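Coordinates from structure-v6.csv are shown below (CSV, C-alpha atoms).
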```csv
chain,number,residue,atom,x,y,z
A,693,MET,CA,19.1,-14.2,-9.2
A,694,ASN,CA,20.1,-10.8,-10.3
A,695,GLU,CA,19.6,-8.3,-7.4
A,696,ARG,CA,18.0,-5.6,-9.5
A,697,PHE,CA,15.6,-8.2,-11.1
A,698,ALA,CA,14.6,-9.3,-7.6
A,699,GLU,CA,13.9,-5.6,-6.8
A,700,LEU,CA,11.8,-5.3,-9.9
A,701,LYS,CA,9.8,-8.4,-9.0
A,702,THR,CA,9.2,-7.0,-5.5
A,703,ARG,CA,8.0,-3.7,-6.9
A,704,LEU,CA,5.8,-5.3,-9.5
A,705,ALA,CA,4.4,-7.7,-6.9
A,706,GLU,CA,3.4,-4.8,-4.7
A,707,ILE,CA,1.6,-3.1,-7.6
A,708,HIS,CA,-0.1,-6.4,-8.5
A,709,ASP,CA,-1.3,-6.7,-4.9
A,710,VAL,CA,-2.9,-3.2,-5.0
A,711,ARG,CA,-4.5,-4.1,-8.3
A,712,ARG,CA,-5.9,-7.3,-6.9
A,713,ALA,CA,-7.3,-5.4,-3.9
A,714,GLN,CA,-9.1,-3.2,-6.4
A,715,GLU,CA,-10.6,-6.3,-8.0
A,716,VAL,CA,-11.9,-7.6,-4.7
A,717,LEU,CA,-13.5,-4.2,-3.9
A,718,PHE,CA,-15.1,-4.1,-7.3
A,719,TRP,CA,-16.3,-7.7,-6.9
A,720,ASP,CA,-17.8,-6.7,-3.6
A,721,GLN,CA,-19.5,-3.7,-5.1
A,722,THR,CA,-21.1,-5.9,-7.8
A,723,VAL,CA,-22.0,-8.8,-5.6
A,724,MET,CA,-22.3,-8.0,-1.9
A,725,MET,CA,-22.2,-4.3,-1.1
A,726,PRO,CA,-25.4,-2.9,0.3
A,727,PRO,CA,-27.1,-0.1,-1.7
A,728,GLY,CA,-25.7,3.4,-1.1
A,729,GLY,CA,-22.1,2.4,-0.7
A,730,GLY,CA,-21.1,3.3,-4.3
A,731,PRO,CA,-19.7,6.8,-3.7
A,732,VAL,CA,-17.3,5.5,-0.9
A,733,ARG,CA,-16.4,2.5,-2.9
A,734,SER,CA,-15.7,4.6,-5.9
A,735,ALA,CA,-13.3,6.8,-3.8
A,736,GLN,CA,-11.5,3.7,-2.5
A,737,LEU,CA,-11.1,2.2,-6.0
A,738,THR,CA,-9.8,5.6,-7.3
A,739,THR,CA,-7.3,5.9,-4.5
A,740,LEU,CA,-6.0,2.4,-5.0
A,741,ASP,CA,-5.7,3.0,-8.8
A,742,ARG,CA,-3.8,6.3,-8.2
A,743,ILE,CA,-1.4,4.5,-5.9
A,744,ALA,CA,-0.8,1.6,-8.2
A,745,HIS,CA,-0.4,3.7,-11.4
A,746,SER,CA,1.9,6.2,-9.7
A,747,LYS,CA,4.1,3.5,-8.3
A,748,PHE,CA,4.3,1.7,-11.6
A,749,ILE,CA,5.1,4.8,-13.7
A,750,ASP,CA,7.7,6.0,-11.2
A,751,ASP,CA,11.1,6.9,-12.5
A,752,GLU,CA,12.6,4.1,-10.3
A,753,THR,CA,10.7,1.5,-12.2
A,754,GLY,CA,12.1,2.9,-15.4
A,755,ARG,CA,15.6,2.9,-14.0
A,756,LEU,CA,15.2,-0.8,-13.0
A,757,LEU,CA,13.9,-1.7,-16.4
A,758,GLU,CA,16.8,0.1,-18.1
A,759,GLU,CA,19.4,-1.4,-15.9
A,760,LEU,CA,18.0,-4.9,-16.5
A,761,GLU,CA,18.2,-4.6,-20.3
A,762,PRO,CA,21.6,-6.3,-20.5
A,763,TYR,CA,20.4,-9.0,-18.1
A,764,GLU,CA,17.3,-9.5,-20.3
A,765,GLN,CA,19.4,-9.8,-23.4
A,766,SER,CA,21.6,-12.5,-21.7
A,767,LEU,CA,18.6,-14.7,-21.1
A,768,ASP,CA,16.7,-17.0,-23.4
A,769,TYR,CA,14.0,-14.8,-25.0
A,770,ASP,CA,11.2,-17.0,-23.8
A,771,SER,CA,12.5,-17.4,-20.2
A,772,ASP,CA,10.2,-16.2,-17.5
A,773,GLU,CA,12.7,-13.5,-16.4
A,774,ALA,CA,13.2,-12.1,-19.9
A,775,SER,CA,9.5,-12.1,-20.6
A,776,LEU,CA,8.7,-10.4,-17.3
A,777,ILE,CA,11.2,-7.6,-18.0
A,778,ARG,CA,10.1,-7.2,-21.6
A,779,THR,CA,6.4,-7.1,-20.7
A,780,ALA,CA,6.9,-4.8,-17.8
A,781,ARG,CA,9.0,-2.4,-20.0
A,782,ARG,CA,6.2,-2.4,-22.6
A,783,ASP,CA,3.5,-1.8,-20.0
A,784,TRP,CA,5.6,0.9,-18.2
A,785,SER,CA,6.2,2.7,-21.4
A,786,LYS,CA,2.6,2.7,-22.3
A,787,ALA,CA,1.4,3.6,-18.8
A,788,ARG,CA,3.8,6.6,-18.6
A,789,ARG,CA,1.8,8.3,-21.3
A,790,VAL,CA,-1.4,8.3,-19.3
A,791,PRO,CA,-1.6,10.9,-16.5
A,792,ALA,CA,-2.4,9.3,-13.1
A,793,GLU,CA,-5.4,11.6,-12.8
A,794,LEU,CA,-6.9,10.3,-16.1
A,795,ALA,CA,-6.3,6.7,-15.1
A,796,ALA,CA,-7.9,7.3,-11.7
A,797,GLU,CA,-10.9,9.2,-13.3
A,798,MET,CA,-11.5,6.2,-15.6
A,799,VAL,CA,-11.7,3.9,-12.6
A,800,ARG,CA,-13.9,6.4,-10.7
A,801,ALA,CA,-16.3,6.6,-13.7
A,802,ALA,CA,-16.5,2.8,-14.0
A,803,ALA,CA,-17.3,2.4,-10.3
A,804,GLU,CA,-19.9,5.1,-10.3
A,805,GLY,CA,-21.4,4.0,-13.5
A,806,HIS,CA,-21.8,0.4,-12.4
A,807,ASP,CA,-24.5,1.2,-9.8
A,808,ILE,CA,-26.3,3.5,-12.2
A,809,TRP,CA,-26.2,0.8,-14.9
A,810,ALA,CA,-27.5,-1.9,-12.5
A,811,LYS,CA,-30.5,0.4,-11.6
A,812,ALA,CA,-31.2,1.4,-15.2
A,813,ARG,CA,-31.1,-2.3,-16.2
A,814,GLU,CA,-33.4,-3.3,-13.5
A,815,GLU,CA,-35.8,-0.5,-14.4
A,816,ASN,CA,-35.3,-1.0,-18.1
A,817,ASP,CA,-34.5,2.7,-18.4
A,818,TYR,CA,-31.4,3.2,-20.5
A,819,SER,CA,-31.7,7.0,-20.3
A,820,GLN,CA,-30.5,6.8,-16.7
A,821,PHE,CA,-27.2,5.3,-17.8
A,822,LEU,CA,-26.6,7.3,-21.0
A,823,PRO,CA,-24.7,10.2,-19.4
A,824,HIS,CA,-22.4,7.8,-17.6
A,825,LEU,CA,-21.8,5.9,-20.8
A,826,GLU,CA,-21.0,9.2,-22.7
A,827,HIS,CA,-18.6,10.2,-19.9
A,828,ALA,CA,-16.9,6.8,-20.2
A,829,VAL,CA,-16.5,7.1,-23.9
A,830,GLU,CA,-15.1,10.6,-23.5
A,831,LEU,CA,-12.6,9.3,-21.0
A,832,LYS,CA,-11.5,6.6,-23.4
A,833,ARG,CA,-11.1,9.2,-26.1
A,834,ARG,CA,-8.8,11.2,-23.8
A,835,TYR,CA,-6.9,8.0,-23.1
A,836,ILE,CA,-6.5,7.4,-26.8
A,837,ASP,CA,-5.2,11.0,-27.2
A,838,CYS,CA,-2.3,10.0,-24.9
A,839,PHE,CA,-0.9,7.9,-27.8
A,840,ASP,CA,0.3,8.6,-31.3
A,841,GLY,CA,1.3,6.5,-34.3
A,842,TYR,CA,-1.8,4.3,-34.5
A,843,ASP,CA,-3.8,3.5,-37.6
A,844,GLU,CA,-7.2,3.4,-35.9
A,845,PRO,CA,-8.1,4.9,-32.5
A,846,TYR,CA,-9.4,1.4,-31.5
A,847,ASP,CA,-5.9,0.1,-32.0
A,848,VAL,CA,-4.8,1.8,-28.7
A,849,LEU,CA,-7.6,0.1,-26.8
A,850,LEU,CA,-7.2,-3.3,-28.4
A,851,ASP,CA,-3.4,-3.2,-27.7
A,852,ASP,CA,-4.2,-3.1,-24.0
A,853,PHE,CA,-5.8,-6.6,-24.2
A,854,GLU,CA,-4.1,-8.1,-27.3
A,855,PRO,CA,-0.6,-6.5,-27.6
A,856,GLY,CA,0.3,-5.8,-31.2
A,857,MET,CA,-3.1,-6.6,-32.6
A,858,LYS,CA,-4.6,-4.0,-35.0
A,859,THR,CA,-8.2,-3.2,-35.8
A,860,ALA,CA,-7.6,-4.3,-39.4
```
Will you turn the file into structure tokens for me?
Amino acid sequence: MNERFAELKTRLAEIHDVRRAQEVLFWDQTVMMPPGGGPVRSAQLTTLDRIAHSKFIDDETGRLLEELEPYEQSLDYDSDEASLIRTARRDWSKARRVPAELAAEMVRAAAEGHDIWAKAREENDYSQFLPHLEHAVELKRRYIDCFDGYDEPYDVLLDDFEPGMKTA
């Protein structure tokens, strides 16, 4: 195996592990965490997101991806290795446009909003959640502003889940 490819895989695996730890903490928040733990959990999730995002958009990740381009081209397009490099490059390029603080703030808002949403739902009082929803929408708009060259603003969000898909 190419030594630089192995290095990229190790780096991506570490980032993946941090992201999965975030998911476990969020799962715990939604299923098991006692009431009142939201603010601390929100801080934990935000810290993990800042670490993962910063490590992913690091210049070294970009150098690895650039150095691996000839290796990628030498492989079958659909091979696991070429697909990993291509997808990581695409995701890295997109993530670099988003400031780490904005990415972390989006995670913080989601974590904080979850507890408010659960309470508002239980009490059938949407007005409790409305300010958090408005803040989440404002953060998504700031996220969209990190990009250019789209036909519709939703294209940016859709591309995160269905790469290349357009609103049209």
(request) Choose the residue, out of A:Pro727, A:Phe697, A:Arg733, A:Asp741, that has the smallest atom-to-atom separation from Glu761 of chain A; count all atoms listed in the file. (result) A:Phe697
(message) Using all atoms listed in the file for the distances, tell me which of A:Glu815, A:Ala801, A:Arg703, A:Gly856 is nearest to Lys832 of chain A.
(response) A:Ala801
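For the residues A:Val732, A:Ala713, A:Leu704, A:Val829, ranking by smallest atom-to-atom distance to Thr753 of chain A using all atoms listed in the file places A:Leu704 first.
The shortest atom-to-atom distance to Thr722 of chain A, with all atoms listed in the file taken into account, belongs to A:Ile808 out of A:Met857, A:Ile808, A:Leu756, A:Ala795.
Closest approach to Gln721 of chain A among A:Ala796, A:Ile707, A:Leu737, A:Ala780 is made by A:Leu737 (distances from only C-alpha atoms).
Rounded to one decimal, atom CA of Asp817 of chain A and atom CA of Val723 of chain A lie 21.3 Å from each other.
Atom to atom, atom CA of Gln736 of chain A and atom CA of Leu825 of chain A stand 21.1 Å apart.
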Could you give me, as a short mmCIF file (atom, residue, chain, number, x, y, z; two decimals) with C-alpha atoms, in the frame of the given file, the residues within 9 Å of Val710 of chain A, counting all atoms listed in the file and dropping anything in the same chain fewer than 3 positions from it?
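So the final result, stored in around14.cif, reads:
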```
data_model
loop_
_atom_site.label_atom_id
_atom_site.label_comp_id
_atom_site.auth_asym_id
_atom_site.auth_seq_id
_atom_site.Cartn_x
_atom_site.Cartn_y
_atom_site.Cartn_z
CA ALA A 705 4.40 -7.70 -6.90
CA GLU A 706 3.40 -4.80 -4.70
CA ILE A 707 1.60 -3.10 -7.60
CA ALA A 713 -7.30 -5.40 -3.90
CA GLN A 714 -9.10 -3.20 -6.40
CA GLU A 715 -10.60 -6.30 -8.00
CA LEU A 740 -6.00 2.40 -5.00
CA ASP A 741 -5.70 3.00 -8.80
CA ILE A 743 -1.40 4.50 -5.90
CA ALA A 744 -0.80 1.60 -8.20
#
```
Taking all atoms listed in the file into account, produce a table as a Markdown table in which each residue of segment 738-819 of chain A with an atom at most 10 Å from an atom of segment 852-855 of chain A appears once, together with its shortest atom pair and the distance in Å to one decimal, ordered by chain and rising number.
```
| residue | atom | partner | partner_atom | distance |
| --- | --- | --- | --- | --- |
| A:Thr779 | CA | A:Pro855 | CA | 9.8 |
| A:Arg782 | CA | A:Pro855 | CA | 9.4 |
| A:Asp783 | CA | A:Asp852 | CA | 8.8 |
| A:Lys786 | CA | A:Asp852 | CA | 9.1 |
```
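Atom CA of Glu752 of chain A is positioned 28.2 Å from atom CA of Tyr842 of chain A.
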Missing atoms in segment 697-708 of chain A: fill them in up to all heavy atoms and send the result as a PDB file, in the coordinates of the input.
```pdb
ATOM      1  N   PHE A 697      16.834  -7.505 -10.600  1.00  0.00           N
ATOM      2  CA  PHE A 697      15.600  -8.200 -11.100  1.00  0.00           C
ATOM      3  C   PHE A 697      14.753  -8.560  -9.870  1.00  0.00           C
ATOM      4  O   PHE A 697      13.528  -8.406  -9.947  1.00  0.00           O
ATOM      5  CB  PHE A 697      16.042  -9.504 -11.819  1.00  0.00           C
ATOM      6  CG  PHE A 697      14.860 -10.278 -12.308  1.00  0.00           C
ATOM      7  CD1 PHE A 697      14.084  -9.805 -13.359  1.00  0.00           C
ATOM      8  CD2 PHE A 697      14.502 -11.473 -11.717  1.00  0.00           C
ATOM      9  CE1 PHE A 697      12.971 -10.510 -13.812  1.00  0.00           C
ATOM     10  CE2 PHE A 697      13.397 -12.183 -12.159  1.00  0.00           C
ATOM     11  CZ  PHE A 697      12.630 -11.699 -13.209  1.00  0.00           C
ATOM     12  N   ALA A 698      15.358  -8.977  -8.768  1.00  0.00           N
ATOM     13  CA  ALA A 698      14.600  -9.300  -7.600  1.00  0.00           C
ATOM     14  C   ALA A 698      13.868  -8.001  -7.072  1.00  0.00           C
ATOM     15  O   ALA A 698      12.704  -8.060  -6.634  1.00  0.00           O
ATOM     16  CB  ALA A 698      15.490  -9.824  -6.471  1.00  0.00           C
ATOM     17  N   GLU A 699      14.545  -6.870  -7.191  1.00  0.00           N
ATOM     18  CA  GLU A 699      13.900  -5.600  -6.800  1.00  0.00           C
ATOM     19  C   GLU A 699      12.743  -5.265  -7.701  1.00  0.00           C
ATOM     20  O   GLU A 699      11.696  -4.814  -7.227  1.00  0.00           O
ATOM     21  CB  GLU A 699      14.998  -4.498  -6.880  1.00  0.00           C
ATOM     22  CG  GLU A 699      14.603  -3.198  -6.245  1.00  0.00           C
ATOM     23  CD  GLU A 699      15.742  -2.185  -6.267  1.00  0.00           C
ATOM     24  OE1 GLU A 699      16.923  -2.578  -6.231  1.00  0.00           O
ATOM     25  OE2 GLU A 699      15.415  -0.981  -6.326  1.00  0.00           O
ATOM     26  N   LEU A 700      12.906  -5.502  -9.002  1.00  0.00           N
ATOM     27  CA  LEU A 700      11.800  -5.300  -9.900  1.00  0.00           C
ATOM     28  C   LEU A 700      10.626  -6.179  -9.610  1.00  0.00           C
ATOM     29  O   LEU A 700       9.472  -5.726  -9.570  1.00  0.00           O
ATOM     30  CB  LEU A 700      12.261  -5.496 -11.386  1.00  0.00           C
ATOM     31  CG  LEU A 700      11.159  -5.363 -12.437  1.00  0.00           C
ATOM     32  CD1 LEU A 700      10.676  -3.916 -12.556  1.00  0.00           C
ATOM     33  CD2 LEU A 700      11.642  -5.877 -13.787  1.00  0.00           C
ATOM     34  N   LYS A 701      10.903  -7.441  -9.361  1.00  0.00           N
ATOM     35  CA  LYS A 701       9.800  -8.400  -9.000  1.00  0.00           C
ATOM     36  C   LYS A 701       9.075  -7.951  -7.781  1.00  0.00           C
ATOM     37  O   LYS A 701       7.844  -8.029  -7.728  1.00  0.00           O
ATOM     38  CB  LYS A 701      10.385  -9.793  -8.851  1.00  0.00           C
ATOM     39  CG  LYS A 701      10.647 -10.509 -10.151  1.00  0.00           C
ATOM     40  CD  LYS A 701      11.106 -11.925  -9.940  1.00  0.00           C
ATOM     41  CE  LYS A 701      10.025 -12.765  -9.314  1.00  0.00           C
ATOM     42  NZ  LYS A 701      10.367 -14.195  -9.256  1.00  0.00           N
ATOM     43  N   THR A 702       9.794  -7.489  -6.778  1.00  0.00           N
ATOM     44  CA  THR A 702       9.200  -7.000  -5.500  1.00  0.00           C
ATOM     45  C   THR A 702       8.267  -5.827  -5.816  1.00  0.00           C
ATOM     46  O   THR A 702       7.122  -5.769  -5.353  1.00  0.00           O
ATOM     47  CB  THR A 702      10.227  -6.673  -4.487  1.00  0.00           C
ATOM     48  OG1 THR A 702      10.977  -7.851  -4.197  1.00  0.00           O
ATOM     49  CG2 THR A 702       9.601  -6.116  -3.219  1.00  0.00           C
ATOM     50  N   ARG A 703       8.778  -4.874  -6.586  1.00  0.00           N
ATOM     51  CA  ARG A 703       8.000  -3.700  -6.900  1.00  0.00           C
ATOM     52  C   ARG A 703       6.751  -4.063  -7.714  1.00  0.00           C
ATOM     53  O   ARG A 703       5.651  -3.603  -7.410  1.00  0.00           O
ATOM     54  CB  ARG A 703       8.881  -2.736  -7.757  1.00  0.00           C
ATOM     55  CG  ARG A 703       8.168  -1.501  -8.271  1.00  0.00           C
ATOM     56  CD  ARG A 703       9.155  -0.588  -8.986  1.00  0.00           C
ATOM     57  NE  ARG A 703       9.917   0.185  -8.035  1.00  0.00           N
ATOM     58  CZ  ARG A 703       9.572   1.403  -7.626  1.00  0.00           C
ATOM     59  NH1 ARG A 703       8.481   1.979  -8.088  1.00  0.00           N
ATOM     60  NH2 ARG A 703      10.302   2.048  -6.746  1.00  0.00           N
ATOM     61  N   LEU A 704       6.902  -4.921  -8.708  1.00  0.00           N
ATOM     62  CA  LEU A 704       5.800  -5.300  -9.500  1.00  0.00           C
ATOM     63  C   LEU A 704       4.754  -6.143  -8.688  1.00  0.00           C
ATOM     64  O   LEU A 704       3.542  -6.033  -8.895  1.00  0.00           O
ATOM     65  CB  LEU A 704       6.214  -6.135 -10.734  1.00  0.00           C
ATOM     66  CG  LEU A 704       7.034  -5.365 -11.774  1.00  0.00           C
ATOM     67  CD1 LEU A 704       7.494  -6.298 -12.884  1.00  0.00           C
ATOM     68  CD2 LEU A 704       6.278  -4.167 -12.324  1.00  0.00           C
ATOM     69  N   ALA A 705       5.247  -6.936  -7.745  1.00  0.00           N
ATOM     70  CA  ALA A 705       4.400  -7.700  -6.900  1.00  0.00           C
ATOM     71  C   ALA A 705       3.511  -6.801  -6.007  1.00  0.00           C
ATOM     72  O   ALA A 705       2.308  -7.059  -5.802  1.00  0.00           O
ATOM     73  CB  ALA A 705       5.159  -8.689  -6.033  1.00  0.00           C
ATOM     74  N   GLU A 706       4.110  -5.731  -5.501  1.00  0.00           N
ATOM     75  CA  GLU A 706       3.400  -4.800  -4.700  1.00  0.00           C
ATOM     76  C   GLU A 706       2.260  -4.107  -5.505  1.00  0.00           C
ATOM     77  O   GLU A 706       1.125  -3.951  -5.048  1.00  0.00           O
ATOM     78  CB  GLU A 706       4.293  -3.735  -4.080  1.00  0.00           C
ATOM     79  CG  GLU A 706       5.202  -4.287  -3.013  1.00  0.00           C
ATOM     80  CD  GLU A 706       6.272  -3.293  -2.570  1.00  0.00           C
ATOM     81  OE1 GLU A 706       6.370  -2.176  -3.145  1.00  0.00           O
ATOM     82  OE2 GLU A 706       7.034  -3.644  -1.645  1.00  0.00           O
ATOM     83  N   ILE A 707       2.598  -3.713  -6.717  1.00  0.00           N
ATOM     84  CA  ILE A 707       1.600  -3.100  -7.600  1.00  0.00           C
ATOM     85  C   ILE A 707       0.509  -4.086  -7.931  1.00  0.00           C
ATOM     86  O   ILE A 707      -0.688  -3.750  -7.902  1.00  0.00           O
ATOM     87  CB  ILE A 707       2.302  -2.571  -8.887  1.00  0.00           C
ATOM     88  CG1 ILE A 707       3.280  -1.444  -8.538  1.00  0.00           C
ATOM     89  CG2 ILE A 707       1.271  -2.118  -9.915  1.00  0.00           C
ATOM     90  CD1 ILE A 707       4.293  -1.128  -9.622  1.00  0.00           C
ATOM     91  N   HIS A 708       0.899  -5.312  -8.200  1.00  0.00           N
ATOM     92  CA  HIS A 708      -0.100  -6.400  -8.500  1.00  0.00           C
ATOM     93  C   HIS A 708      -1.022  -6.568  -7.299  1.00  0.00           C
ATOM     94  O   HIS A 708      -2.244  -6.714  -7.491  1.00  0.00           O
ATOM     95  CB  HIS A 708       0.681  -7.676  -8.785  1.00  0.00           C
ATOM     96  CG  HIS A 708      -0.198  -8.833  -9.081  1.00  0.00           C
ATOM     97  ND1 HIS A 708      -0.806  -9.014 -10.302  1.00  0.00           N
ATOM     98  CD2 HIS A 708      -0.592  -9.870  -8.306  1.00  0.00           C
ATOM     99  CE1 HIS A 708      -1.532 -10.110 -10.262  1.00  0.00           C
ATOM    100  NE2 HIS A 708      -1.420 -10.657  -9.069  1.00  0.00           N
TER     101      HIS A 708
END
```
